[in-house]
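Comments concern the structure below.
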Amino acid sequence: FRRGGHSSTLAAASGRARAVSDPWITEYTRFVVALAAIIDPLAAIPFFLQLTERYTPEERRKTARTAAIAVLVVLSVAALTGDLLLRMMGTSLPAFRVGGGIVMLLMAISMLGAQETPLRQTREEVAASGDKSEDKTGGAVGPLGIPLLAGPGAISAVVIQMDRGSGPVHVLLVLAGIALVAGACAVIFRHAERVGHAIGPIGLNVIVRLFGLILAAIAIETIAAGLKLLFPPLAG
């Protein structure tokens with residue numbers, strides 16, 4: 001009887017531990033996946049190679065590092081100040097969730113069609129990048145870092161994620177997620193030529209569409225959560 005009671009106690013404790021840890025793991029893992037899908041550095045490889053076509057290997061590595069730092073700084077600032085800016089503009093977070101979810105959904109739809117979207121980069125910004133061939137850092141910050149990578153969709157995702165929790169641990173986990181994705185961007189761009197040749201155009205399109213499908217599902221959930229907060233009767 002004593003052994004059976006001890007087993008039951010251990011099983012109950014294990015169940016409680018899983019109940020506590022699983023939502024945390026799911027929440028922040030989903031944020032990192034969503035942010036990676038929105039930023040989508042693999043889809044930016046052709047642009048990066050075009051931008052750095054005449055660069056030396058060292059200049060290409062520096063450009064990759066600068067673009068990743070730009071992503072890290074912009075999204076970290078958005079995470080830490082987004083709530084304050086929304087309050088200053090008189091915009092509620094539920095409304096921002098709906099708006100941000102729509103932006104992410106539009107990006108997901110364009111990704112499913114393997115098409116470039118003006119939400120990431122306009123034609124004027126593409127043309128401007130061609131005029132920065134002599135500026136070895138300007139093209140890495142803009143338009144590569146901003147808005148191609150850290151654009152409206154990524155900023156919206158970061159601000160929305162910050163609203164989903166509170167406390168220093170939550171802030172640190174969100175910033176760690178941003179740093180993880182920014183670091184992945186640096187690694188992918190540093191080896192862009194090899195990655196591009198290994199995956200190929202078809203492989204890149206498949207990955208982009210897969211990320212688009214994941215992003216569409218997350219966008220729908222974000223819109224639904226925002227609508228429930230704006231219109232409580234919808235929550236039942």
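Chain labels run A, B, ... following the order of the structure tokens; each chain numbers its residues from 1, and ligands are numbered from 1 in the order shown.
For Gly153 (chain A), the set of protein, DNA and RNA residues having any atom at most 6 Å away, when counting only C-alpha atoms and skipping those fewer than 3 positions along the same chain, is Val103, Met104 and Ser156 of chain A.
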Inset, instruction - Would you please work out which residue, of A:Pro233, A:Ile38, A:Ile223, A:Val71, is nearest to Gly142 (chain A) when using only C-alpha atoms? - result: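 Of A:Pro233, A:Ile38, A:Ile223, A:Val71, the one nearest Gly142 (chain A), counting only C-alpha atoms, is A:Val71.
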Inset, instruction - Go through A:Ile220, A:His197, A:Thr56, A:Ala79 one by one, measure the shortest atom-to-atom distance of each to Gly177 (chain A) using only C-alpha atoms, and give the residue with the smallest value. - result: A:Ala79
Legend entry - Close residues, Pro152 (chain A) itself excluded, 10 Å, only C-alpha atoms, min 2 positions apart in chain, as number ranges by chain: A: 38, 100, 103-104, 107, 119-120, 146-150, 154-158
Limited to all heavy atoms, could you put the picked residues into a file as a tab-separated table (two decimals), in the first residue's frame?
```tsv
chain	number	residue	atom	x	y	z
A	38	ILE	N	8.06	34.75	-39.97
A	38	ILE	CA	7.82	36.12	-40.45
A	38	ILE	C	9.09	36.71	-41.04
A	38	ILE	O	9.09	37.26	-42.15
A	38	ILE	CB	7.30	37.01	-39.30
A	38	ILE	CG1	5.92	36.54	-38.84
A	38	ILE	CG2	7.22	38.46	-39.75
A	38	ILE	CD1	5.45	37.17	-37.56
A	100	GLY	N	-2.25	43.47	-36.02
A	100	GLY	CA	-1.02	42.69	-36.23
A	100	GLY	C	-1.30	41.33	-36.81
A	100	GLY	O	-0.55	40.83	-37.66
A	103	VAL	N	-1.89	41.73	-40.51
A	103	VAL	CA	-0.61	41.91	-41.21
A	103	VAL	C	0.10	40.57	-41.39
A	103	VAL	O	0.59	40.24	-42.48
A	103	VAL	CB	0.30	42.89	-40.44
A	103	VAL	CG1	1.71	42.89	-41.02
A	103	VAL	CG2	-0.29	44.30	-40.49
A	104	MET	N	0.14	39.75	-40.31
A	104	MET	CA	0.77	38.44	-40.40
A	104	MET	C	0.04	37.53	-41.37
A	104	MET	O	0.66	36.75	-42.11
A	104	MET	CB	0.86	37.80	-39.01
A	104	MET	CG	1.87	38.47	-38.10
A	104	MET	SD	2.16	37.57	-36.55
A	104	MET	CE	0.66	37.96	-35.65
A	107	MET	N	0.95	38.46	-44.90
A	107	MET	CA	2.29	37.95	-45.21
A	107	MET	C	2.24	36.45	-45.45
A	107	MET	O	2.91	35.94	-46.36
A	107	MET	CB	3.24	38.27	-44.06
A	107	MET	CG	3.53	39.74	-43.87
A	107	MET	SD	4.74	40.05	-42.56
A	107	MET	CE	6.21	39.34	-43.30
A	119	LEU	N	4.63	44.48	-47.82
A	119	LEU	CA	4.74	44.60	-46.36
A	119	LEU	C	6.17	44.36	-45.91
A	119	LEU	O	6.58	44.83	-44.85
A	119	LEU	CB	3.81	43.58	-45.68
A	119	LEU	CG	2.31	43.87	-45.79
A	119	LEU	CD1	1.53	42.69	-45.25
A	119	LEU	CD2	1.95	45.14	-45.06
A	120	ARG	N	6.94	43.62	-46.69
A	120	ARG	CA	8.34	43.37	-46.36
A	120	ARG	C	9.25	44.41	-47.00
A	120	ARG	O	10.15	44.94	-46.35
A	120	ARG	CB	8.76	41.97	-46.84
A	120	ARG	CG	8.20	40.84	-46.02
A	120	ARG	CD	8.56	39.51	-46.64
A	120	ARG	NE	10.00	39.28	-46.58
A	120	ARG	CZ	10.59	38.48	-45.70
A	120	ARG	NH1	9.88	37.87	-44.80
A	120	ARG	NH2	11.89	38.32	-45.72
A	146	ILE	N	16.00	46.34	-42.11
A	146	ILE	CA	14.71	47.02	-41.94
A	146	ILE	C	14.31	47.56	-43.31
A	146	ILE	O	15.07	48.32	-43.91
A	146	ILE	CB	14.83	48.20	-40.96
A	146	ILE	CG1	15.55	47.77	-39.69
A	146	ILE	CG2	13.47	48.80	-40.64
A	146	ILE	CD1	16.08	48.93	-38.88
A	147	PRO	N	13.17	47.20	-43.88
A	147	PRO	CA	12.09	46.39	-43.29
A	147	PRO	C	12.02	44.96	-43.81
A	147	PRO	O	11.06	44.26	-43.52
A	147	PRO	CB	10.86	47.15	-43.75
A	147	PRO	CG	11.22	47.59	-45.13
A	147	PRO	CD	12.72	47.88	-45.10
A	148	LEU	N	13.02	44.51	-44.61
A	148	LEU	CA	12.91	43.18	-45.20
A	148	LEU	C	12.83	42.10	-44.12
A	148	LEU	O	12.03	41.17	-44.23
A	148	LEU	CB	14.10	42.92	-46.13
A	148	LEU	CG	14.06	41.60	-46.92
A	148	LEU	CD1	12.82	41.55	-47.80
A	148	LEU	CD2	15.32	41.44	-47.75
A	149	LEU	N	13.65	42.22	-43.09
A	149	LEU	CA	13.63	41.24	-42.00
A	149	LEU	C	12.78	41.73	-40.83
A	149	LEU	O	11.79	41.11	-40.46
A	149	LEU	CB	15.06	40.94	-41.56
A	149	LEU	CG	15.99	40.35	-42.63
A	149	LEU	CD1	17.40	40.21	-42.10
A	149	LEU	CD2	15.46	39.02	-43.12
A	150	ALA	N	13.19	42.84	-40.22
A	150	ALA	CA	12.44	43.39	-39.07
A	150	ALA	C	11.41	44.39	-39.57
A	150	ALA	O	11.56	45.60	-39.40
A	150	ALA	CB	13.41	44.05	-38.09
A	154	ALA	N	7.05	41.38	-38.10
A	154	ALA	CA	7.91	40.96	-36.99
A	154	ALA	C	7.70	41.85	-35.77
A	154	ALA	O	7.63	41.36	-34.63
A	154	ALA	CB	9.37	40.99	-37.43
A	155	ILE	N	7.59	43.15	-35.99
A	155	ILE	CA	7.35	44.08	-34.88
A	155	ILE	C	6.02	43.79	-34.21
A	155	ILE	O	5.91	43.78	-32.98
A	155	ILE	CB	7.42	45.54	-35.39
A	155	ILE	CG1	8.85	45.87	-35.82
A	155	ILE	CG2	6.95	46.51	-34.31
A	155	ILE	CD1	9.00	47.20	-36.50
A	156	SER	N	4.99	43.53	-35.02
A	156	SER	CA	3.67	43.20	-34.45
A	156	SER	C	3.74	41.93	-33.61
A	156	SER	O	3.18	41.87	-32.50
A	156	SER	CB	2.65	43.00	-35.59
A	156	SER	OG	2.51	44.18	-36.35
A	157	ALA	N	4.43	40.90	-34.11
A	157	ALA	CA	4.54	39.64	-33.38
A	157	ALA	C	5.23	39.83	-32.04
A	157	ALA	O	4.83	39.25	-31.03
A	157	ALA	CB	5.29	38.61	-34.22
A	158	VAL	N	6.26	40.66	-32.02
A	158	VAL	CA	7.01	40.90	-30.78
A	158	VAL	C	6.16	41.65	-29.75
A	158	VAL	O	6.12	41.28	-28.57
A	158	VAL	CB	8.30	41.68	-31.10
A	158	VAL	CG1	8.93	42.23	-29.83
A	158	VAL	CG2	9.30	40.80	-31.82
```
Inset, instruction - One decimal, Å: what's the distance from CA of Asp83 (chain A) over to CA of Glu27 (chain A), could you say? - result: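 Separating CA of Asp83 (chain A) from CA of Glu27 (chain A) is a distance of 19.5 Å.
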Inset, instruction - Find the residues around region 31-34 of chain A up to 12 Å (only C-alpha atoms counted), leave out those fewer than 3 positions away in its own chain, and share them as number ranges by chain. - result: A: 24-28, 37-40, 101, 104-105, 107-108, 153-162, 164, 173-182, 184, 210-219, 221-222
Inset, instruction - Please provide as a list of chain:residue names all residues within 10 Å of Ala225 (chain A), with the sequence filter that same-chain residues fewer than 5 positions apart are discarded (counting only C-alpha atoms). - result: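 What passes the distance filter is A:Pro94, A:Arg97, A:Val98, A:Gly101, A:Ala219, A:Ile220, A:Leu230, A:Phe231, A:Leu234, A:Ala235.
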Legend entry - Option closest in space to Leu80 (chain A), from A:Ile45, A:Val171, A:Leu106, A:Leu204 [counting only C-alpha atoms]: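 With only C-alpha atoms as the atom set, the closest residue is A:Val171.
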Inset, instruction - Work out how far apart CA of Pro41 (chain A) and CA of Phe189 (chain A) are and give it in Å to one decimal. - result: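 Going from CA of Pro41 (chain A) over to CA of Phe189 (chain A) covers 7.7 Å.
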Legend entry - Shortest interatomic distance to Ile69 (chain A) - which of A:Ala224, A:Leu172, A:Leu84, A:Cys185, counting only C-alpha atoms: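 Answer, going by the shortest atom-to-atom distance: A:Cys185.
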